[in-house]
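What follows is a set of notes on a single structure, which appears directly below.
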Amino acid sequence: IFFSMMKFSALTTLQEWANGCQPDDIFPLAYHLTTCLDVVLKKGSSLNGANVGNEEQWTLMDAMVGQCAASVQESLAHLATKNSHTIKCAPEPEAWLETLRPKLSPSPSLDKTQAIHSDTKPVQLAKPVQLDNQGDQPNLCIVGNGMVGHTLLEALVAGGAHKKWNILVFCEEPRVAYNRMALSEYFKGRTAEDLSLVKKGFYEEFGIKVLLGELATVIDPVNKTVTSNKGPTYPYDKLVLATGSYPFVPPVPGSKGEGCFVYRTIEDLEAIQAFAKKCKRGVVVGGGLLGLECAQAMLNMNLETHVVEFAPRLMAVQLDDPASRMLLRHITKMGVHVHTSKNTSNIVGGDKKVEKMVFADGEELETEMIVFSAGIRPRDQIARDSGIKVGPRGGVEINDYCQTEHPDIYAIGEVALHRGKIYGLVAPGNEMARVCADHILGKDGEKFDGADMSTKLKIVGCDVAVIGDSLGNTPDSESCTSGKSSQGVYKKVVTNSTGDKVVGGIFVGDITEYNTVLSIMLNDLPVPADPLSLIVAASEGGAAAVGGVQDLPDKAKVCSCHNVSKGELICAIKDGKTELEDLKACTKAGTGCGGCIPTVKELLDWQKSQMGIETTNYVCEHFKMTRQELCHTIMVKQLPDFKSVLAECGSGQGCEICKPAVASILAHTYGDNIHRVDLAVLQDTNDYFLANMQRDGTYSVVPRTPGGEIRAPQLQKLGAIGQKYGLYTKITGGQRVDFFGAQAYQLPKIWADLTEEGFESGHAYGKALRTVKSCVGSTWCRYGVQDSVGMAVDLENRYKGIRMPHKFKMGVSGCTRECAEAQCKDVGLIAVKGGYNLYVCGNGGMKPKHAELLATDLSDTEAIKLIDRFVMFYCRTADRLQRTARWLENLDGGMDYLKKVLIEDSLGICAELEQQCHTLISKYQNEWATAIRNPEQRRRFVNFINLPDDQQHDDTLTYQQERGQNRLPKLTPANPYPLPAPVLKPVSALSGNGSEWADVCKLEVINPDSGVCAKVDGVQIAVFRVVDNQVYALSNFDPFADANVLSRGIVGDKAGILKVASPLYKHNFALETGICLSKSDVQIPCYPVRIHDGMVQVKSSPVAH
């Protein structure tokens, strides 16, 4: 009541002072005054009880009110300046204090009772803001929205808390929870959205209210309210503190000057990144995990990087001397300058720009920027201000259920002090979150009994992993070490005194055995008689004594970050999560630090084998080898065609999987025209018809416009061509024009018109380079630092037509504003003043991924040479239909290995890769122009092989008008294909009732292992020529696609049965019976067919099934 009176009187005084100001100015000032007085309220909590009558306490109160008044006076002065008038009666702070004290200060001789029950007029207290209650549900407030706070929300939602509680979340930052463990990825091109942990619509779906940008400032445990820095007070029934930690900045003079930063939030990173653009040298203060991660970020920003560490070695808390020395060797090679045993005494520059650091030993280090990453401290100020018990060295004290001394207030994560220990990793925090969620939900869950602090990460390019008691502090513990200085490898395993239990370990440079040793420690598994065997390679007599993941008990913890056991993973796999990404999404294993992914993958493969699911990555049943092995064999043995490849490596007739794969390998190995007769029949329909098949069997045509650059007359010509053929026209996301609705017989005519105007094939149909997207760069843009359009045009003209394992896209941005979105491309160049930074292995699509930085400050020539190598290495080593992003994820050694191969030439193949690329470039030809000039090729482009040119139009195709263009009819749902219930037309609808033989074409017109379509008595019949000149005739209608397309499928066999794969959705139909091999109750009509005097003939009446 006393402090409410103070606030009321102060606001009354404010009204008198600010007479004449605008209301919009008064209200913010009132909030400011209120906040200042709230500080007094918090600090004045010591006045409770007997201290109310203590004159010293009232003197202290006077001082605090005086400070508050000074702050308000400063704001009033600013207000007066803004409104260009003098505020009436604006007294000095002391004067205001004098006006307040007689009204508010009871006599020092009054006791607490007298103070409360004095004759002072009672003041109406502010009521707490009511949440959007659903019925009489209690309120749950969560203070903090970091990684651990979000894990808590997910655990609560999984337990149905959103149905029982009104959930309110304070999120001080301007964005919701994100992966703070991956902050360094921000400097590699990942955005804040990429780092977000929150699925779109999560809060809305579960009715969670988030106060974005609001800080909880004080908790009232008695009245159960929590107050926001923006003024409102909210009631709670239970409250969780998940405020995390803050970065420790040593109290060094000058540490707050311009150029000094901390490394904690995305906003910190944005500030660092912006400031670094005008710097050449940067210093990280702190040689621990976070400090070295920050050093990597500085390297990524092309700064001369220094690390200053107070301790005598790096990562002194986790690594022993030999391990730290090995790490030092690694990061020194990467260009980081390390200064250990350095105590910073002064930072010269003061509040101005940083100039240098001065150390206690007299040495100095010049720098333009300093980032403090010298550890963290629990963010427990709100608990201190609210009278909630904290430990002597910080941290909110909690019990095994994460409750504070107030049972309805919990604390989790880095702010929590459990049994005298703060846990500074995310995995223990997540475990606390789960324990807390269970307790709030009333479940009989497990207690928090401490957590494993093991971790695995890459530090400045060096793999480092630490397990348990890595320094061997356990009494009477024993240590075994293994090191290879020449290879930069150090390993250590720590056991108890009897050698039968692992208690810790260290791995630097090679972490192969990390997961095995960690599993043994966490699950208390038997230790080999010689513990050294745990850290020695199997080839050297180690690790063989240790069982695989299959030997772990079901309760064994595989993922520490999300507390996922082996048993939970096994259950998910049995429930159908047989792909790694699906398993990760379902269980969250591997989505934290990522260290457990190899174990998860090993467990997945083992369980699939137990379930009888083949885990090989063979190309198909015809080739029992991987695409990489197949590519190597073709290159080494110089196999020129599919026939020789099949004879050397495979069996059977081939299929829709292996034929295009072999065709792609042959294309990027030899560079021959894909429409050579024997190669053409291997192509999928898109490559066979040099256009993209759409859902009705028509095609889209995309001419190439290199770099997105196009002249006005060319645009006019494109418009005229689209109008001439009645094609639906659209601009693509890759800066090109796309024509839709072209029938097969129209394609050569459209190409001829395009070629005449100077256009080439855009290869939108091929597993090849599609586009090189660009911004205008320095040619027009005021921010551009390089000619991005010119580079994009050069790149597109260089790599066009090269066949690859999957489609391939590039981008070139003229500056770091990144308008061309180069970092989501397979190859992306971003212009900087020193040239170009090269990013690789990004992609959009179903699973978007940002590209990773491969090299920096490249000249045009250097960039092109490195891209040549990258493209060819990808072609040689990727799996079938594997985008570069997934390829890099599965590449053993990842980006570090790729850099060694392409930049350091560790395999000695760079010259070979460059030569292979030059050969393909020299053999390029415009496939459209080649097709229209070659009569043999051109005759393939017909709808009906047996009809003249003026009868080629397929009148079964229907369209509707929309926005002035033809489009396919709208469907409900929008795209139901492939149809789960196929359209089975009655036989009468697919019968021409013809009893006479009708000519189709000469046998030689049909290429071996391919098909054509004939229109006989109004019926479309697909005719196929296979081995030994056998011919088959089926309906051309694919019931799963509801389109006449079957003749354009790839012919092959499955388990010895000759079949054709529909080009749209790959359903296989037996050539002899028409039965669908994947859905045997679906059968399409077969027609009588024969070869008579070299002429293929059919009857239009189907054969009875």
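Each chain of the structure tokens is named A, B, ... in the order shown, its residues numbered from 1; ligands are numbered from 1 in display order.
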
>> What parts of region 154-323 of chain A does DSSP call alpha helix (DSSP H)? I'd like the answer as a ChimeraX atom specification.
In response: /A:154-158,192-195,202-205,266-276,289-300,321-323

>> List the spatial neighbours of Asp687 (chain A) as a VMD selection string - criterion: any atom at most 12 Å away, only C-alpha atoms, same-chain residues fewer than 3 positions off excluded.
In response: chain A and resid 660 663 to 664 667 673 to 675 679 to 684 690 to 693 699 761 to 768 801 803 927 to 928 931 1048 to 1050 1063

>> At a cut-off of 7 Å, using only C-alpha atoms, what residues contact Pro247 (chain A)? Leave out same-chain residues fewer than 4 positions from it and give the result as a list in words.
In response: Val262, Arg264, Ser373, Gly375, Ile376 and Arg377 of chain A

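Here CA of Gln1020 (chain A) stands at a distance of 13.4 Å from CA of Asp999 (chain A).
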
>> Taking 3 positions as the minimum chain separation for residues in the same chain, which residues sit within 10 Å of region 613-629 of chain A when counting only C-alpha atoms? Answer as an MDAnalysis selection string.
In response: chainID A and resid 578 604:610 632:635 645:646 649:659 661:662 665 805 874:881 1053:1055

From a backbone DSSP assignment, name each residue in region 580-738 of chain A labelled strand (DSSP E), as a compact mmCIF listing (two decimals) with all heavy atoms, in the first residue's frame.
# COMPACT_ATOMS: atom_id res chain seq x y z
N ASN A 692 9.45 -30.68 -70.85
CA ASN A 692 8.90 -31.19 -69.59
C ASN A 692 7.46 -31.66 -69.76
O ASN A 692 6.59 -30.86 -70.10
CB ASN A 692 8.93 -30.10 -68.50
CG ASN A 692 10.23 -30.10 -67.72
OD1 ASN A 692 11.26 -30.41 -68.28
ND2 ASN A 692 10.17 -29.73 -66.47
N MET A 693 7.21 -32.95 -69.51
CA MET A 693 5.85 -33.45 -69.59
C MET A 693 5.01 -32.91 -68.44
O MET A 693 5.41 -32.94 -67.29
CB MET A 693 5.82 -34.99 -69.57
CG MET A 693 4.41 -35.57 -69.63
SD MET A 693 4.37 -37.38 -69.63
CE MET A 693 4.67 -37.72 -71.37
N TYR A 699 3.57 -30.81 -73.10
CA TYR A 699 4.90 -30.44 -72.64
C TYR A 699 5.03 -28.93 -72.43
O TYR A 699 4.28 -28.14 -73.02
CB TYR A 699 5.95 -30.90 -73.66
CG TYR A 699 6.07 -32.40 -73.75
CD1 TYR A 699 5.26 -33.12 -74.63
CD2 TYR A 699 6.96 -33.10 -72.95
CE1 TYR A 699 5.34 -34.51 -74.71
CE2 TYR A 699 7.06 -34.48 -73.02
CZ TYR A 699 6.25 -35.18 -73.89
OH TYR A 699 6.34 -36.54 -73.96
N SER A 700 5.99 -28.56 -71.61
CA SER A 700 6.36 -27.16 -71.47
C SER A 700 7.71 -26.93 -72.14
O SER A 700 8.56 -27.83 -72.16
CB SER A 700 6.42 -26.75 -70.00
OG SER A 700 7.48 -27.40 -69.33
N VAL A 701 7.89 -25.75 -72.64
CA VAL A 701 9.10 -25.39 -73.39
C VAL A 701 9.72 -24.16 -72.74
O VAL A 701 9.05 -23.14 -72.56
CB VAL A 701 8.78 -25.11 -74.87
CG1 VAL A 701 10.04 -24.68 -75.62
CG2 VAL A 701 8.15 -26.33 -75.53
N TYR A 728 0.09 -21.39 -72.84
CA TYR A 728 0.04 -20.69 -71.55
C TYR A 728 1.46 -20.21 -71.24
O TYR A 728 2.43 -20.98 -71.34
CB TYR A 728 -0.46 -21.64 -70.46
CG TYR A 728 -0.43 -21.06 -69.06
CD1 TYR A 728 -1.52 -20.35 -68.56
CD2 TYR A 728 0.68 -21.23 -68.24
CE1 TYR A 728 -1.50 -19.82 -67.28
CE2 TYR A 728 0.71 -20.70 -66.96
CZ TYR A 728 -0.37 -20.00 -66.49
OH TYR A 728 -0.36 -19.48 -65.22
N THR A 729 1.59 -18.95 -70.86
CA THR A 729 2.92 -18.35 -70.70
C THR A 729 3.11 -17.82 -69.29
O THR A 729 2.21 -17.17 -68.74
CB THR A 729 3.11 -17.20 -71.72
OG1 THR A 729 2.80 -17.67 -73.03
CG2 THR A 729 4.54 -16.69 -71.68
N LYS A 730 4.29 -18.10 -68.72
CA LYS A 730 4.59 -17.69 -67.35
C LYS A 730 6.08 -17.42 -67.19
O LYS A 730 6.90 -18.09 -67.82
CB LYS A 730 4.16 -18.78 -66.36
CG LYS A 730 4.27 -18.38 -64.90
CD LYS A 730 3.89 -19.52 -63.98
CE LYS A 730 3.95 -19.06 -62.52
NZ LYS A 730 5.29 -18.58 -62.15
N ILE A 731 6.40 -16.44 -66.33
CA ILE A 731 7.79 -16.21 -65.96
C ILE A 731 8.14 -17.16 -64.83
O ILE A 731 7.42 -17.24 -63.84
CB ILE A 731 8.03 -14.76 -65.51
CG1 ILE A 731 7.57 -13.77 -66.58
CG2 ILE A 731 9.50 -14.54 -65.16
CD1 ILE A 731 8.35 -13.85 -67.86
N VAL A 737 11.23 -17.55 -69.37
CA VAL A 737 9.86 -17.64 -69.86
C VAL A 737 9.54 -19.11 -70.12
O VAL A 737 10.32 -19.84 -70.73
CB VAL A 737 9.68 -16.82 -71.16
CG1 VAL A 737 8.28 -17.06 -71.74
CG2 VAL A 737 9.89 -15.34 -70.88
N ASP A 738 8.37 -19.55 -69.63
CA ASP A 738 7.96 -20.94 -69.77
C ASP A 738 6.66 -21.00 -70.56
O ASP A 738 5.69 -20.30 -70.25
CB ASP A 738 7.75 -21.55 -68.37
CG ASP A 738 7.83 -23.07 -68.38
OD1 ASP A 738 7.75 -23.66 -69.47
OD2 ASP A 738 7.98 -23.66 -67.29
